[in-house]
Structure formats: structure tokens, C-alpha cells
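What follows is a set of notes on a single structure, which appears directly below.
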Amino acid sequence: MPTSGSASSRRGWHLTAAAAALLLMAAIVFGALGLHDSSPTSRLSPAPSTSTSRSARLADRPATQRNENTKKLPNRPDFGRVLNGSAPVGLAIPRIGVRATRFMGLGLAQDGEIEVPQNADIPGWFTPGPSPGQLGPAVIAGHVDSTTGPAVFYRLSELRPGDHIKVARRDGSIARFTVDRVTNFSKAAFPTRAVYGPTRRSELRLITCGGQYDDQDGYLANTVVFAHLV
């Protein structure tokens with residue numbers, strides 16, 4: 001299990017500003033990036049209506065705005081299968097019992113850091129990056145737990161190579177992924193390029209907090225699932 005320590009302790013995660021800024025640049029290696037547990041507990045509760053509306057607008061934003069050339073890529077061996085841009089609207093991971101029917105769009109907050117999901121049971125998709133199925137690594141993040149107990153990605157570390165992930169998309173299609181590996185990375189040595197760098201096929205990253213929990217620093221690692229479109 002990726003949890004440690006009291007569930008009533010502060011929980012959360014965020015990406016550094018340098019990484020978020022570089023993620024906006026297509027075909028360039030994303031900058032230093034990691035998840036941290038420094039957010040106040042209140043950030044894990046459902047967002048007020050104004051924040052929810054903003055997240056909905058982010059999710060509705062066409063993913064092709066930054067990757068318009070993706071739809072022109074042929075489905076050939078060097079790229080593998082790729083899909084046009086379309087926002088995710090559902091997530092199913094049978095092995096660990098995840099079935100989400102909503103997504104929150106994650107953009108950049110005023111402080112330059114990536115936004116965090118405002119509900120522990122709803123995953124978030126980083127909208128400036130590829131949508132699931134497009135060329136490159138689509139990033140979906142979720143909480144491991146909250147002040148009330150397990151959250152959407154509580155069992156993420158239980159996934160194994162060969163497990164299946166299905167992402168329903170707004171255009172009515174389903175992007176099916178197969179897990180390649182599941183790794184726990186120390187936040188002090190997070191492999192930014194391997195996780196967020198450009199790829200030659202459509203890939204997916206599922207990220208949550210993991211490792212030991214420290215009352216002062218929060219979780220000391222990140223659990224990252226690497227998967228590819230099939």
C-alpha cells in the first residue's frame with residue numbers, strides 16, 4: 001500500500017513551477033517535476049462551485065490546441081497507434097477497482113504550480129499535455145488518501161505489468177492501455193525525463209503519492225504507473 005501515517009494528517013501533492021512551465025512546450029523535455037505532500041488538508045475537499053466550473057472549462061478545452069499535428073501522424077510502427085486529441089471523461093482500472101466517471105482538468109495555479117484535484121475521489125488530467133491516446137505521455141494524477149480515508153489512487157501500487165487501463169474520451173472512443181511497469185520513486189531523485197519526457201508512442205502516466213509518510217514532509221515518494229496505448 002502506498003500509505004503510511006495517520007489519515008488525519010495533511011495530505012496532498014503538487015508539481016513544481018519549473019516543470020509545469022516546460023510541460024507547455026511541445027516536443028521539449030519537461031522540467032524538474034515531482035509530487036509533494038505540502039498542501040493543506042482543506043485542498044482535498046470538494047471545490048466550491050466557482051472552482052468546479054473552472055475545472056470543467058479546463059477539461060472541455062480541446063486537447064488539440066497544443067498538438068494539432070498529432071492527428072496527422074500515421075499509425076505506423078515507429079509511432080504505434082495514436083488517436084486525435086479528446087478530453088478524458090472516465091477511467092476504469094479493473095484490477096484495483098477504480099471506476100471514475102468524472103475528471104477534473106488540471107492547469108496552472110496563480111503561483112505557477114499545477115493545480116491539484118479538489119476532490120480526493122476524482123482524478124485529474126493535466127490539460128496542457130497530451131490527452132490520453134495522443135502521441136506522448138498523458139498525465140493523470142490522483143490522491144492516495146484524504147482525511148477521511150482511501151482516495152481514488154489508494155491501490156495504484158498494486159498494478160502489475162500487463163494490467164489494463166481504459167480511458168473513456170469525450171469523442172466517444174475508449175483509449176485502452178497496458179501497464180508496462182509500476183515504480184516507486186523517491187522525491188529526492190525523481191526521474192523527470194523518464195516520466196514526463198517526449199515519447200515515440202502514445203503513453204500514459206498515472207501518478208500518486210507513495211512510500212513512507214513523514215509528519216513534516218508528507219509522503220517521501222511517488223508511485224508512477226507507465227502504460228502504453230494498445
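Order determines the names: the first chain of the C-alpha cells is A, the second B, and so forth; residues in each chain are numbered 1 upward, and ligands are numbered 1 upward as they are shown.
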
Mind running region 84-108 of chain A against region 163-175 of chain A at 6 Å and telling me each contacting residue's nearest atom pair with the distance in Å (one decimal), counting only C-alpha atoms, chain and number ascending, as JSON lines?
```
{"residue": "A:Ser86", "atom": "CA", "partner": "A:Arg170", "partner_atom": "CA", "distance": 5.7}
{"residue": "A:Ala87", "atom": "CA", "partner": "A:Arg170", "partner_atom": "CA", "distance": 5.5}
{"residue": "A:Pro88", "atom": "CA", "partner": "A:Arg169", "partner_atom": "CA", "distance": 4.3}
{"residue": "A:Val89", "atom": "CA", "partner": "A:Arg169", "partner_atom": "CA", "distance": 5.3}
{"residue": "A:Gly90", "atom": "CA", "partner": "A:Ala168", "partner_atom": "CA", "distance": 4.7}
{"residue": "A:Leu91", "atom": "CA", "partner": "A:Val167", "partner_atom": "CA", "distance": 4.7}
{"residue": "A:Ala92", "atom": "CA", "partner": "A:Lys166", "partner_atom": "CA", "distance": 5.1}
{"residue": "A:Ile93", "atom": "CA", "partner": "A:Ile165", "partner_atom": "CA", "distance": 4.9}
```

Handout entry: Long-range neighbours of region 211-227 of chain A as a ChimeraX atom specification, 6 Å cut-off, only C-alpha atoms, 3 positions minimum in chain
Key = /A:2,4-5,37,177-187,203-208

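Closest approach to Leu229 (chain A) among A:Gly97, A:Gly162, A:Pro150, A:Pro128: A:Gly162, based on only C-alpha atoms.
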
Practice task
Return as number ranges by chain the full set of residues in region 142-202 of chain A whose backbone-based DSSP assignment is strand (DSSP E).
Solution key: A: 145-146, 149-150, 164-169, 174-186, 202

Restricted to N, CA and C atoms, what would the selected residues look like written as a PDB file, in the first residue's frame?
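What follows is the written file out_34.pdb:
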```
ATOM      1  N   ASP A 145      -4.914   9.237  -0.540  1.00  0.00           N
ATOM      2  CA  ASP A 145      -5.851   9.207   0.573  1.00  0.00           C
ATOM      3  C   ASP A 145      -6.224  10.632   0.959  1.00  0.00           C
ATOM      4  N   SER A 146      -7.061  10.746   1.952  1.00  0.00           N
ATOM      5  CA  SER A 146      -7.517  12.054   2.417  1.00  0.00           C
ATOM      6  C   SER A 146      -7.735  11.972   3.921  1.00  0.00           C
ATOM      7  N   GLY A 149     -10.016   8.909   4.624  1.00  0.00           N
ATOM      8  CA  GLY A 149      -9.670   7.536   4.268  1.00  0.00           C
ATOM      9  C   GLY A 149      -9.094   7.418   2.872  1.00  0.00           C
ATOM     10  N   PRO A 150      -9.126   6.212   2.293  1.00  0.00           N
ATOM     11  CA  PRO A 150      -8.549   5.969   0.974  1.00  0.00           C
ATOM     12  C   PRO A 150      -9.167   6.860  -0.101  1.00  0.00           C
ATOM     13  N   HIS A 164      -4.720  -3.844 -17.339  1.00  0.00           N
ATOM     14  CA  HIS A 164      -5.389  -2.993 -18.324  1.00  0.00           C
ATOM     15  C   HIS A 164      -5.966  -1.725 -17.697  1.00  0.00           C
ATOM     16  N   ILE A 165      -5.886  -0.646 -18.461  1.00  0.00           N
ATOM     17  CA  ILE A 165      -6.448   0.648 -18.066  1.00  0.00           C
ATOM     18  C   ILE A 165      -7.282   1.149 -19.232  1.00  0.00           C
ATOM     19  N   LYS A 166      -8.494   1.569 -18.969  1.00  0.00           N
ATOM     20  CA  LYS A 166      -9.363   2.111 -20.013  1.00  0.00           C
ATOM     21  C   LYS A 166      -9.722   3.558 -19.690  1.00  0.00           C
ATOM     22  N   VAL A 167      -9.541   4.413 -20.679  1.00  0.00           N
ATOM     23  CA  VAL A 167      -9.884   5.829 -20.520  1.00  0.00           C
ATOM     24  C   VAL A 167     -10.960   6.177 -21.544  1.00  0.00           C
ATOM     25  N   ALA A 168     -12.162   6.500 -21.050  1.00  0.00           N
ATOM     26  CA  ALA A 168     -13.235   6.950 -21.932  1.00  0.00           C
ATOM     27  C   ALA A 168     -12.972   8.400 -22.308  1.00  0.00           C
ATOM     28  N   ARG A 169     -13.202   8.733 -23.584  1.00  0.00           N
ATOM     29  CA  ARG A 169     -12.887  10.069 -24.079  1.00  0.00           C
ATOM     30  C   ARG A 169     -14.153  10.776 -24.555  1.00  0.00           C
ATOM     31  N   ILE A 174     -12.706   4.909 -26.672  1.00  0.00           N
ATOM     32  CA  ILE A 174     -12.064   4.423 -25.452  1.00  0.00           C
ATOM     33  C   ILE A 174     -10.603   4.128 -25.770  1.00  0.00           C
ATOM     34  N   ALA A 175      -9.717   4.769 -25.037  1.00  0.00           N
ATOM     35  CA  ALA A 175      -8.287   4.515 -25.187  1.00  0.00           C
ATOM     36  C   ALA A 175      -7.905   3.406 -24.216  1.00  0.00           C
ATOM     37  N   ARG A 176      -7.397   2.310 -24.740  1.00  0.00           N
ATOM     38  CA  ARG A 176      -7.030   1.162 -23.914  1.00  0.00           C
ATOM     39  C   ARG A 176      -5.510   1.085 -23.770  1.00  0.00           C
ATOM     40  N   PHE A 177      -5.075   0.996 -22.542  1.00  0.00           N
ATOM     41  CA  PHE A 177      -3.646   0.968 -22.249  1.00  0.00           C
ATOM     42  C   PHE A 177      -3.287  -0.319 -21.514  1.00  0.00           C
ATOM     43  N   THR A 178      -2.041  -0.748 -21.714  1.00  0.00           N
ATOM     44  CA  THR A 178      -1.490  -1.881 -20.984  1.00  0.00           C
ATOM     45  C   THR A 178      -0.344  -1.384 -20.116  1.00  0.00           C
ATOM     46  N   VAL A 179      -0.331  -1.808 -18.860  1.00  0.00           N
ATOM     47  CA  VAL A 179       0.705  -1.377 -17.928  1.00  0.00           C
ATOM     48  C   VAL A 179       2.047  -2.002 -18.308  1.00  0.00           C
ATOM     49  N   ASP A 180       3.072  -1.181 -18.382  1.00  0.00           N
ATOM     50  CA  ASP A 180       4.438  -1.651 -18.641  1.00  0.00           C
ATOM     51  C   ASP A 180       5.195  -1.885 -17.341  1.00  0.00           C
ATOM     52  N   ARG A 181       5.089  -0.944 -16.417  1.00  0.00           N
ATOM     53  CA  ARG A 181       5.782  -1.089 -15.137  1.00  0.00           C
ATOM     54  C   ARG A 181       5.181  -0.138 -14.113  1.00  0.00           C
ATOM     55  N   VAL A 182       5.413  -0.448 -12.868  1.00  0.00           N
ATOM     56  CA  VAL A 182       4.976   0.383 -11.744  1.00  0.00           C
ATOM     57  C   VAL A 182       6.197   0.599 -10.863  1.00  0.00           C
ATOM     58  N   THR A 183       6.531   1.851 -10.618  1.00  0.00           N
ATOM     59  CA  THR A 183       7.753   2.155  -9.885  1.00  0.00           C
ATOM     60  C   THR A 183       7.484   3.176  -8.800  1.00  0.00           C
ATOM     61  N   ASN A 184       8.170   3.017  -7.688  1.00  0.00           N
ATOM     62  CA  ASN A 184       8.108   3.974  -6.594  1.00  0.00           C
ATOM     63  C   ASN A 184       9.397   4.792  -6.611  1.00  0.00           C
ATOM     64  N   PHE A 185       9.278   6.096  -6.847  1.00  0.00           N
ATOM     65  CA  PHE A 185      10.440   6.965  -6.947  1.00  0.00           C
ATOM     66  C   PHE A 185      10.536   7.876  -5.731  1.00  0.00           C
ATOM     67  N   SER A 186      11.709   7.969  -5.172  1.00  0.00           N
ATOM     68  CA  SER A 186      11.949   8.949  -4.117  1.00  0.00           C
ATOM     69  C   SER A 186      11.809  10.338  -4.706  1.00  0.00           C
ATOM     70  N   SER A 202       2.048   6.636 -28.014  1.00  0.00           N
ATOM     71  CA  SER A 202       1.070   7.147 -27.061  1.00  0.00           C
ATOM     72  C   SER A 202       1.234   6.411 -25.740  1.00  0.00           C
TER      73      SER A 202
END
```

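Minimum distance to Gly197 (chain A) across A:Gly124, A:Pro137, A:Gly85, A:Pro117 (counting only C-alpha atoms) occurs at A:Pro137.
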
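Across the model, the gap from CA of Thr127 (chain A) to CA of Glu115 (chain A) is 10.6 Å.
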
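Separating CA of Ala151 (chain A) from CA of Asp121 (chain A) is a distance of 5.3 Å.
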